[in-house]
Amino acid sequence: MNKIKIISFDVEGTLVSHEFSEVLWHEAIPLRYAQKYGISAEQARKTTTEEFEKIGFQGMEWYDAGYWCNHFQLGNPEPIIRSCVDKISYYSEVSEVLSSLAAHFILTVASTVPLYLLAYILKDVDHYFTRIFSATSQYKQLKTPYFYSQVCQTMHVEPDSIVHVGDNWNTDFINPREVGINAFYLDREGGDSVDSLADLTQLESIVLDGANYKK
Ligand SMILES: [Mg+2]
């Protein structure tokens with residue numbers, strides 16, 4: 001991988017655990033809903049979950065806490081989001097790997113999460129990244145092949161100069177590969193796919209030391 005210039009990272013499930021989003025969507029928003037409408041937390045969770053599922057994860061609104069606060073008429077989303085920031089948890093190897101890779105490559109983020117939420121989520125590591133790309137905020141779509149081609153254009157690089165890593169088989173592996181990006185599938189559960197990485201230190205070994213990787 002001599003010509004690699006940029007390493008692009010997914011965020012949730014790759015740099016940070018899903019805990020922040022789970023608490024935001026399934027505890028904090030329902031709690032505010034329960035307070036506003038005078039119902040039990042359990043009933044509020046059921047109602048809000050039903051509404052989330054009407055959109056589903058293929059819809060851009062799914063990822064947008066501001067949309068849901070507006071939809072449920074809960075007022076300003078900021079205090080609701082802030083009540084969850086203590087749940088933002090980076091995986092143990094993240095700081096060390098980012099610090100090491102930043103000495104050799106341009107680091108970027110490619111996420112479905114809206115930019116205003118990424119500002120909270122990436123607060124402690126954002127100094128490592130040259131660019132933060134949000135597919136929903138900046139391109140009004142999910143992480144499609146077109147989104148990845150736009151990332152290449154914006155960064156003025158050929159797709160094969162980019163390595164992308166993430167934990168979603170379709171949006172972090174299949175879609176970037178479709179446009180020629182070197183994508184790696186991160187499977188922290190340690191599945192038996194020969195193409196998967198178990199954590200980001202394996203990516204570091206591949207891009208820095210040329211460790212063996214079976215495509
Ligand atoms: Mg992810």
# chains A, B, ... in the order shown; residues from 1 in each chain; ligands from 1
$ residues_around --residues "A:Ser8" --least-positions-apart "6" --cutoff "10 Å" --atoms "only C-alpha atoms" --output "PDB file with all heavy atoms, in the first residue's frame"
ATOM      1  N   PHE A 105      -0.288   9.751   7.699  1.00  0.00           N
ATOM      2  CA  PHE A 105      -1.380   9.898   6.737  1.00  0.00           C
ATOM      3  C   PHE A 105      -2.272  11.080   7.121  1.00  0.00           C
ATOM      4  O   PHE A 105      -2.261  11.533   8.263  1.00  0.00           O
ATOM      5  CB  PHE A 105      -2.267   8.633   6.729  1.00  0.00           C
ATOM      6  CG  PHE A 105      -1.513   7.368   6.444  1.00  0.00           C
ATOM      7  CD1 PHE A 105      -1.106   6.541   7.489  1.00  0.00           C
ATOM      8  CD2 PHE A 105      -1.192   7.001   5.141  1.00  0.00           C
ATOM      9  CE1 PHE A 105      -0.407   5.372   7.239  1.00  0.00           C
ATOM     10  CE2 PHE A 105      -0.486   5.830   4.886  1.00  0.00           C
ATOM     11  CZ  PHE A 105      -0.089   5.013   5.931  1.00  0.00           C
ATOM     12  N   ILE A 106      -3.064  11.525   6.148  1.00  0.00           N
ATOM     13  CA  ILE A 106      -4.161  12.455   6.438  1.00  0.00           C
ATOM     14  C   ILE A 106      -5.315  11.605   6.961  1.00  0.00           C
ATOM     15  O   ILE A 106      -5.675  10.603   6.329  1.00  0.00           O
ATOM     16  CB  ILE A 106      -4.587  13.197   5.152  1.00  0.00           C
ATOM     17  CG1 ILE A 106      -3.466  14.127   4.700  1.00  0.00           C
ATOM     18  CG2 ILE A 106      -5.884  13.952   5.348  1.00  0.00           C
ATOM     19  CD1 ILE A 106      -3.680  14.675   3.293  1.00  0.00           C
ATOM     20  N   LEU A 107      -5.876  11.986   8.081  1.00  0.00           N
ATOM     21  CA  LEU A 107      -6.997  11.227   8.644  1.00  0.00           C
ATOM     22  C   LEU A 107      -8.299  12.000   8.425  1.00  0.00           C
ATOM     23  O   LEU A 107      -8.345  13.213   8.613  1.00  0.00           O
ATOM     24  CB  LEU A 107      -6.795  10.961  10.147  1.00  0.00           C
ATOM     25  CG  LEU A 107      -5.477  10.311  10.562  1.00  0.00           C
ATOM     26  CD1 LEU A 107      -5.520   9.935  12.046  1.00  0.00           C
ATOM     27  CD2 LEU A 107      -5.158   9.076   9.723  1.00  0.00           C
ATOM     28  N   THR A 108      -9.340  11.270   8.034  1.00  0.00           N
ATOM     29  CA  THR A 108     -10.657  11.883   7.824  1.00  0.00           C
ATOM     30  C   THR A 108     -11.730  11.006   8.455  1.00  0.00           C
ATOM     31  O   THR A 108     -11.478   9.853   8.802  1.00  0.00           O
ATOM     32  CB  THR A 108     -10.972  12.068   6.321  1.00  0.00           C
ATOM     33  OG1 THR A 108     -10.943  10.787   5.685  1.00  0.00           O
ATOM     34  CG2 THR A 108      -9.980  12.985   5.639  1.00  0.00           C
ATOM     35  N   VAL A 109     -12.920  11.573   8.563  1.00  0.00           N
ATOM     36  CA  VAL A 109     -14.081  10.842   9.090  1.00  0.00           C
ATOM     37  C   VAL A 109     -15.135  10.788   7.994  1.00  0.00           C
ATOM     38  O   VAL A 109     -15.336  11.772   7.272  1.00  0.00           O
ATOM     39  CB  VAL A 109     -14.633  11.566  10.343  1.00  0.00           C
ATOM     40  CG1 VAL A 109     -16.069  11.180  10.633  1.00  0.00           C
ATOM     41  CG2 VAL A 109     -13.741  11.286  11.552  1.00  0.00           C
ATOM     42  N   ALA A 110     -15.786   9.633   7.858  1.00  0.00           N
ATOM     43  CA  ALA A 110     -16.924   9.501   6.938  1.00  0.00           C
ATOM     44  C   ALA A 110     -18.049   8.823   7.710  1.00  0.00           C
ATOM     45  O   ALA A 110     -17.995   7.628   7.981  1.00  0.00           O
ATOM     46  CB  ALA A 110     -16.542   8.682   5.711  1.00  0.00           C
ATOM     47  N   SER A 111     -19.055   9.620   8.056  1.00  0.00           N
ATOM     48  CA  SER A 111     -20.108   9.125   8.948  1.00  0.00           C
ATOM     49  C   SER A 111     -21.489   9.460   8.417  1.00  0.00           C
ATOM     50  O   SER A 111     -21.657  10.387   7.617  1.00  0.00           O
ATOM     51  CB  SER A 111     -19.935   9.765  10.331  1.00  0.00           C
ATOM     52  OG  SER A 111     -20.971   9.383  11.204  1.00  0.00           O
ATOM     53  N   PHE A 129      -8.184  14.836  12.879  1.00  0.00           N
ATOM     54  CA  PHE A 129      -8.826  14.738  11.567  1.00  0.00           C
ATOM     55  C   PHE A 129      -8.726  16.032  10.765  1.00  0.00           C
ATOM     56  O   PHE A 129      -9.048  17.116  11.264  1.00  0.00           O
ATOM     57  CB  PHE A 129     -10.303  14.340  11.734  1.00  0.00           C
ATOM     58  CG  PHE A 129     -10.455  13.005  12.396  1.00  0.00           C
ATOM     59  CD1 PHE A 129     -10.898  12.891  13.704  1.00  0.00           C
ATOM     60  CD2 PHE A 129     -10.103  11.848  11.717  1.00  0.00           C
ATOM     61  CE1 PHE A 129     -11.005  11.662  14.327  1.00  0.00           C
ATOM     62  CE2 PHE A 129     -10.201  10.608  12.323  1.00  0.00           C
ATOM     63  CZ  PHE A 129     -10.658  10.511  13.630  1.00  0.00           C
ATOM     64  N   ARG A 131     -10.473  16.405   7.829  1.00  0.00           N
ATOM     65  CA  ARG A 131     -11.831  16.680   7.351  1.00  0.00           C
ATOM     66  C   ARG A 131     -12.805  15.728   8.018  1.00  0.00           C
ATOM     67  O   ARG A 131     -12.484  14.568   8.244  1.00  0.00           O
ATOM     68  CB  ARG A 131     -11.942  16.472   5.817  1.00  0.00           C
ATOM     69  CG  ARG A 131     -11.299  17.545   4.974  1.00  0.00           C
ATOM     70  CD  ARG A 131     -12.014  18.887   5.050  1.00  0.00           C
ATOM     71  NE  ARG A 131     -13.339  18.876   4.462  1.00  0.00           N
ATOM     72  CZ  ARG A 131     -13.645  19.453   3.306  1.00  0.00           C
ATOM     73  NH1 ARG A 131     -12.726  20.059   2.590  1.00  0.00           N
ATOM     74  NH2 ARG A 131     -14.890  19.432   2.865  1.00  0.00           N
ATOM     75  N   ILE A 132     -13.999  16.253   8.277  1.00  0.00           N
ATOM     76  CA  ILE A 132     -15.078  15.416   8.812  1.00  0.00           C
ATOM     77  C   ILE A 132     -16.197  15.424   7.775  1.00  0.00           C
ATOM     78  O   ILE A 132     -16.736  16.497   7.460  1.00  0.00           O
ATOM     79  CB  ILE A 132     -15.613  16.000  10.136  1.00  0.00           C
ATOM     80  CG1 ILE A 132     -14.456  16.253  11.094  1.00  0.00           C
ATOM     81  CG2 ILE A 132     -16.735  15.129  10.710  1.00  0.00           C
ATOM     82  CD1 ILE A 132     -14.322  15.438  12.291  1.00  0.00           C
ATOM     83  N   PHE A 133     -16.518  14.273   7.234  1.00  0.00           N
ATOM     84  CA  PHE A 133     -17.594  14.176   6.238  1.00  0.00           C
ATOM     85  C   PHE A 133     -18.825  13.534   6.880  1.00  0.00           C
ATOM     86  O   PHE A 133     -18.741  12.430   7.420  1.00  0.00           O
ATOM     87  CB  PHE A 133     -17.155  13.318   5.050  1.00  0.00           C
ATOM     88  CG  PHE A 133     -16.077  13.944   4.225  1.00  0.00           C
ATOM     89  CD1 PHE A 133     -14.745  13.605   4.427  1.00  0.00           C
ATOM     90  CD2 PHE A 133     -16.390  14.878   3.243  1.00  0.00           C
ATOM     91  CE1 PHE A 133     -13.736  14.184   3.656  1.00  0.00           C
ATOM     92  CE2 PHE A 133     -15.386  15.455   2.472  1.00  0.00           C
ATOM     93  CZ  PHE A 133     -14.050  15.112   2.675  1.00  0.00           C
ATOM     94  N   VAL A 151     -16.334  12.305  -1.627  1.00  0.00           N
ATOM     95  CA  VAL A 151     -15.237  12.460  -0.664  1.00  0.00           C
ATOM     96  C   VAL A 151     -13.905  12.503  -1.422  1.00  0.00           C
ATOM     97  O   VAL A 151     -13.055  13.373  -1.167  1.00  0.00           O
ATOM     98  CB  VAL A 151     -15.245  11.307   0.373  1.00  0.00           C
ATOM     99  CG1 VAL A 151     -13.949  11.306   1.185  1.00  0.00           C
ATOM    100  CG2 VAL A 151     -16.453  11.425   1.297  1.00  0.00           C
ATOM    101  N   ILE A 162      -7.123   6.107  -0.885  1.00  0.00           N
ATOM    102  CA  ILE A 162      -7.839   6.166   0.396  1.00  0.00           C
ATOM    103  C   ILE A 162      -8.047   4.755   0.956  1.00  0.00           C
ATOM    104  O   ILE A 162      -8.382   3.826   0.212  1.00  0.00           O
ATOM    105  CB  ILE A 162      -9.223   6.838   0.239  1.00  0.00           C
ATOM    106  CG1 ILE A 162      -9.087   8.255  -0.321  1.00  0.00           C
ATOM    107  CG2 ILE A 162      -9.966   6.859   1.571  1.00  0.00           C
ATOM    108  CD1 ILE A 162     -10.390   9.029  -0.347  1.00  0.00           C
ATOM    109  N   VAL A 163      -7.846   4.640   2.247  1.00  0.00           N
ATOM    110  CA  VAL A 163      -8.279   3.454   2.987  1.00  0.00           C
ATOM    111  C   VAL A 163      -9.457   3.894   3.843  1.00  0.00           C
ATOM    112  O   VAL A 163      -9.378   4.927   4.519  1.00  0.00           O
ATOM    113  CB  VAL A 163      -7.143   2.920   3.892  1.00  0.00           C
ATOM    114  CG1 VAL A 163      -7.696   1.996   4.966  1.00  0.00           C
ATOM    115  CG2 VAL A 163      -6.098   2.179   3.059  1.00  0.00           C
ATOM    116  N   HIS A 164     -10.556   3.136   3.797  1.00  0.00           N
ATOM    117  CA  HIS A 164     -11.677   3.421   4.700  1.00  0.00           C
ATOM    118  C   HIS A 164     -11.919   2.205   5.581  1.00  0.00           C
ATOM    119  O   HIS A 164     -11.818   1.063   5.124  1.00  0.00           O
ATOM    120  CB  HIS A 164     -12.951   3.752   3.914  1.00  0.00           C
ATOM    121  CG  HIS A 164     -14.150   3.940   4.805  1.00  0.00           C
ATOM    122  ND1 HIS A 164     -14.363   5.099   5.533  1.00  0.00           N
ATOM    123  CD2 HIS A 164     -15.169   3.101   5.135  1.00  0.00           C
ATOM    124  CE1 HIS A 164     -15.473   4.971   6.246  1.00  0.00           C
ATOM    125  NE2 HIS A 164     -15.977   3.761   6.029  1.00  0.00           N
ATOM    126  N   VAL A 165     -12.258   2.459   6.832  1.00  0.00           N
ATOM    127  CA  VAL A 165     -12.571   1.353   7.752  1.00  0.00           C
ATOM    128  C   VAL A 165     -13.861   1.662   8.504  1.00  0.00           C
ATOM    129  O   VAL A 165     -14.106   2.800   8.893  1.00  0.00           O
ATOM    130  CB  VAL A 165     -11.399   1.106   8.736  1.00  0.00           C
ATOM    131  CG1 VAL A 165     -11.115   2.320   9.616  1.00  0.00           C
ATOM    132  CG2 VAL A 165     -11.665  -0.131   9.591  1.00  0.00           C
ATOM    133  N   GLY A 166     -14.682   0.630   8.678  1.00  0.00           N
ATOM    134  CA  GLY A 166     -15.928   0.807   9.427  1.00  0.00           C
ATOM    135  C   GLY A 166     -16.607  -0.512   9.699  1.00  0.00           C
ATOM    136  O   GLY A 166     -16.216  -1.553   9.150  1.00  0.00           O
ATOM    137  N   ASP A 172     -19.733   0.602   4.822  1.00  0.00           N
ATOM    138  CA  ASP A 172     -18.305   0.861   5.073  1.00  0.00           C
ATOM    139  C   ASP A 172     -17.389  -0.043   4.257  1.00  0.00           C
ATOM    140  O   ASP A 172     -16.182   0.161   4.236  1.00  0.00           O
ATOM    141  CB  ASP A 172     -17.971   0.663   6.564  1.00  0.00           C
ATOM    142  CG  ASP A 172     -18.605   1.735   7.435  1.00  0.00           C
ATOM    143  OD1 ASP A 172     -18.448   2.926   7.108  1.00  0.00           O
ATOM    144  OD2 ASP A 172     -19.262   1.376   8.428  1.00  0.00           O
ATOM    145  N   ILE A 181     -12.166   2.547  -3.507  1.00  0.00           N
ATOM    146  CA  ILE A 181     -11.473   2.812  -2.231  1.00  0.00           C
ATOM    147  C   ILE A 181     -11.057   1.480  -1.611  1.00  0.00           C
ATOM    148  O   ILE A 181     -11.768   0.479  -1.733  1.00  0.00           O
ATOM    149  CB  ILE A 181     -12.407   3.612  -1.287  1.00  0.00           C
ATOM    150  CG1 ILE A 181     -12.562   5.044  -1.800  1.00  0.00           C
ATOM    151  CG2 ILE A 181     -11.907   3.583   0.154  1.00  0.00           C
ATOM    152  CD1 ILE A 181     -13.572   5.886  -1.057  1.00  0.00           C
ATOM    153  N   ASN A 182      -9.902   1.458  -0.946  1.00  0.00           N
ATOM    154  CA  ASN A 182      -9.460   0.264  -0.216  1.00  0.00           C
ATOM    155  C   ASN A 182     -10.227   0.208   1.101  1.00  0.00           C
ATOM    156  O   ASN A 182      -9.886   0.948   2.033  1.00  0.00           O
ATOM    157  CB  ASN A 182      -7.971   0.354   0.117  1.00  0.00           C
ATOM    158  CG  ASN A 182      -7.126   0.525  -1.111  1.00  0.00           C
ATOM    159  OD1 ASN A 182      -6.884  -0.426  -1.831  1.00  0.00           O
ATOM    160  ND2 ASN A 182      -6.696   1.758  -1.364  1.00  0.00           N
ATOM    161  N   ALA A 183     -11.266  -0.590   1.160  1.00  0.00           N
ATOM    162  CA  ALA A 183     -12.092  -0.597   2.372  1.00  0.00           C
ATOM    163  C   ALA A 183     -11.821  -1.840   3.207  1.00  0.00           C
ATOM    164  O   ALA A 183     -11.544  -2.915   2.669  1.00  0.00           O
ATOM    165  CB  ALA A 183     -13.564  -0.537   1.995  1.00  0.00           C
TER     166      ALA A 183
END
$ residues_near_ligand --ligand "ligand 1" --cutoff "10 Å" --atoms "only C-alpha atoms and all ligand atoms" --output "list in words"
Phe9, Asp10, Val11, Glu12, Gly13, Thr14, Leu15, Val16, Ser17, His18, Ala110, Ser111, Thr112, Val113, Val165, Gly166, Asp167, Asn168, Trp169, Thr171, Asp172 and Leu186 of chain A
$ closest_residue --among "A:Val125, A:Ile81, A:Ile174, A:Ala198" --to "A:Thr144" --atoms "only C-alpha atoms"
A:Ile174
$ select_by_dssp --residues "stretch 21-184 of chain A" --states "helix (DSSP H, G or I)" --output "ChimeraX atom specification"
/A:21-37,41-55,60-63,65-71,78-82,85-87,94-102,115-121,126-128,135-139,145-155,159-161,169-178
$ select_by_dssp --residues "stretch 11-159 of chain A" --states "strand (DSSP E)" --output "ChimeraX atom specification"
/A:106-111,131-134
$ closest_residue --among "A:Lys36, A:Arg188, A:Lys46, A:Lys54" --to "A:Cys69" --atoms "only C-alpha atoms"
A:Lys36
$ closest_residue --among "A:Gly190, A:Pro145, A:Val94, A:Pro114" --to "A:Met60" --atoms "only C-alpha atoms"
A:Pro114
$ atom_distance --atom1 "atom CA of A:Ile206" --atom2 "atom CA of A:His127"
23.2 Å
$ residues_around --residues "A:Pro77" --least-positions-apart "2" --cutoff "9 Å" --atoms "only C-alpha atoms" --output "JSON, numbers by chain"
{"A": [29, 65, 66, 67, 68, 69, 70, 74, 75, 79, 80, 81, 82]}
$ write_last_selection --atoms "N, CA, C and O atoms" --output "compact mmCIF listing (two decimals), in the first residue's frame"
# COMPACT_ATOMS: atom_id res chain seq x y z
N ILE A 29 -34.45 10.85 24.90
CA ILE A 29 -35.59 11.37 24.13
C ILE A 29 -36.91 10.84 24.72
O ILE A 29 -37.83 11.63 24.98
N ALA A 65 -31.19 13.66 15.78
CA ALA A 65 -31.89 13.91 17.05
C ALA A 65 -32.72 15.18 16.97
O ALA A 65 -33.81 15.26 17.55
N GLY A 66 -32.21 16.18 16.26
CA GLY A 66 -32.95 17.44 16.11
C GLY A 66 -34.28 17.23 15.41
O GLY A 66 -35.30 17.81 15.78
N TYR A 67 -34.26 16.37 14.37
CA TYR A 67 -35.51 16.05 13.68
C TYR A 67 -36.52 15.46 14.65
O TYR A 67 -37.69 15.85 14.67
N TRP A 68 -36.05 14.52 15.51
CA TRP A 68 -36.99 13.83 16.40
C TRP A 68 -37.49 14.75 17.50
O TRP A 68 -38.67 14.68 17.88
N CYS A 69 -36.64 15.65 17.98
CA CYS A 69 -37.09 16.59 19.01
C CYS A 69 -38.17 17.51 18.43
O CYS A 69 -39.15 17.84 19.09
N ASN A 70 -38.00 17.88 17.17
CA ASN A 70 -38.99 18.70 16.49
C ASN A 70 -40.27 17.90 16.22
O ASN A 70 -41.38 18.36 16.50
N LEU A 74 -40.44 18.47 21.38
CA LEU A 74 -39.75 18.43 22.67
C LEU A 74 -38.90 19.66 22.92
O LEU A 74 -38.22 19.74 23.94
N GLY A 75 -38.90 20.60 22.00
CA GLY A 75 -38.11 21.81 22.19
C GLY A 75 -36.66 21.62 21.80
O GLY A 75 -36.32 20.75 21.00
N PRO A 79 -30.09 20.35 25.36
CA PRO A 79 -29.98 19.77 26.72
C PRO A 79 -30.19 18.27 26.72
O PRO A 79 -29.60 17.56 27.55
N ILE A 80 -30.99 17.77 25.80
CA ILE A 80 -31.23 16.32 25.74
C ILE A 80 -29.95 15.62 25.29
O ILE A 80 -29.53 14.61 25.86
N ILE A 81 -29.29 16.20 24.27
CA ILE A 81 -28.03 15.62 23.79
C ILE A 81 -26.96 15.71 24.88
O ILE A 81 -26.27 14.73 25.16
N ARG A 82 -26.89 16.88 25.52
CA ARG A 82 -25.86 17.07 26.56
C ARG A 82 -26.02 16.09 27.72
O ARG A 82 -25.04 15.71 28.35
$ atom_distance --atom1 "atom CA of A:Pro30" --atom2 "atom CA of A:Thr49"
8.6 Å
$ atom_distance --atom1 "atom CA of A:Gln202" --atom2 "atom CA of A:Tyr128"
18.8 Å
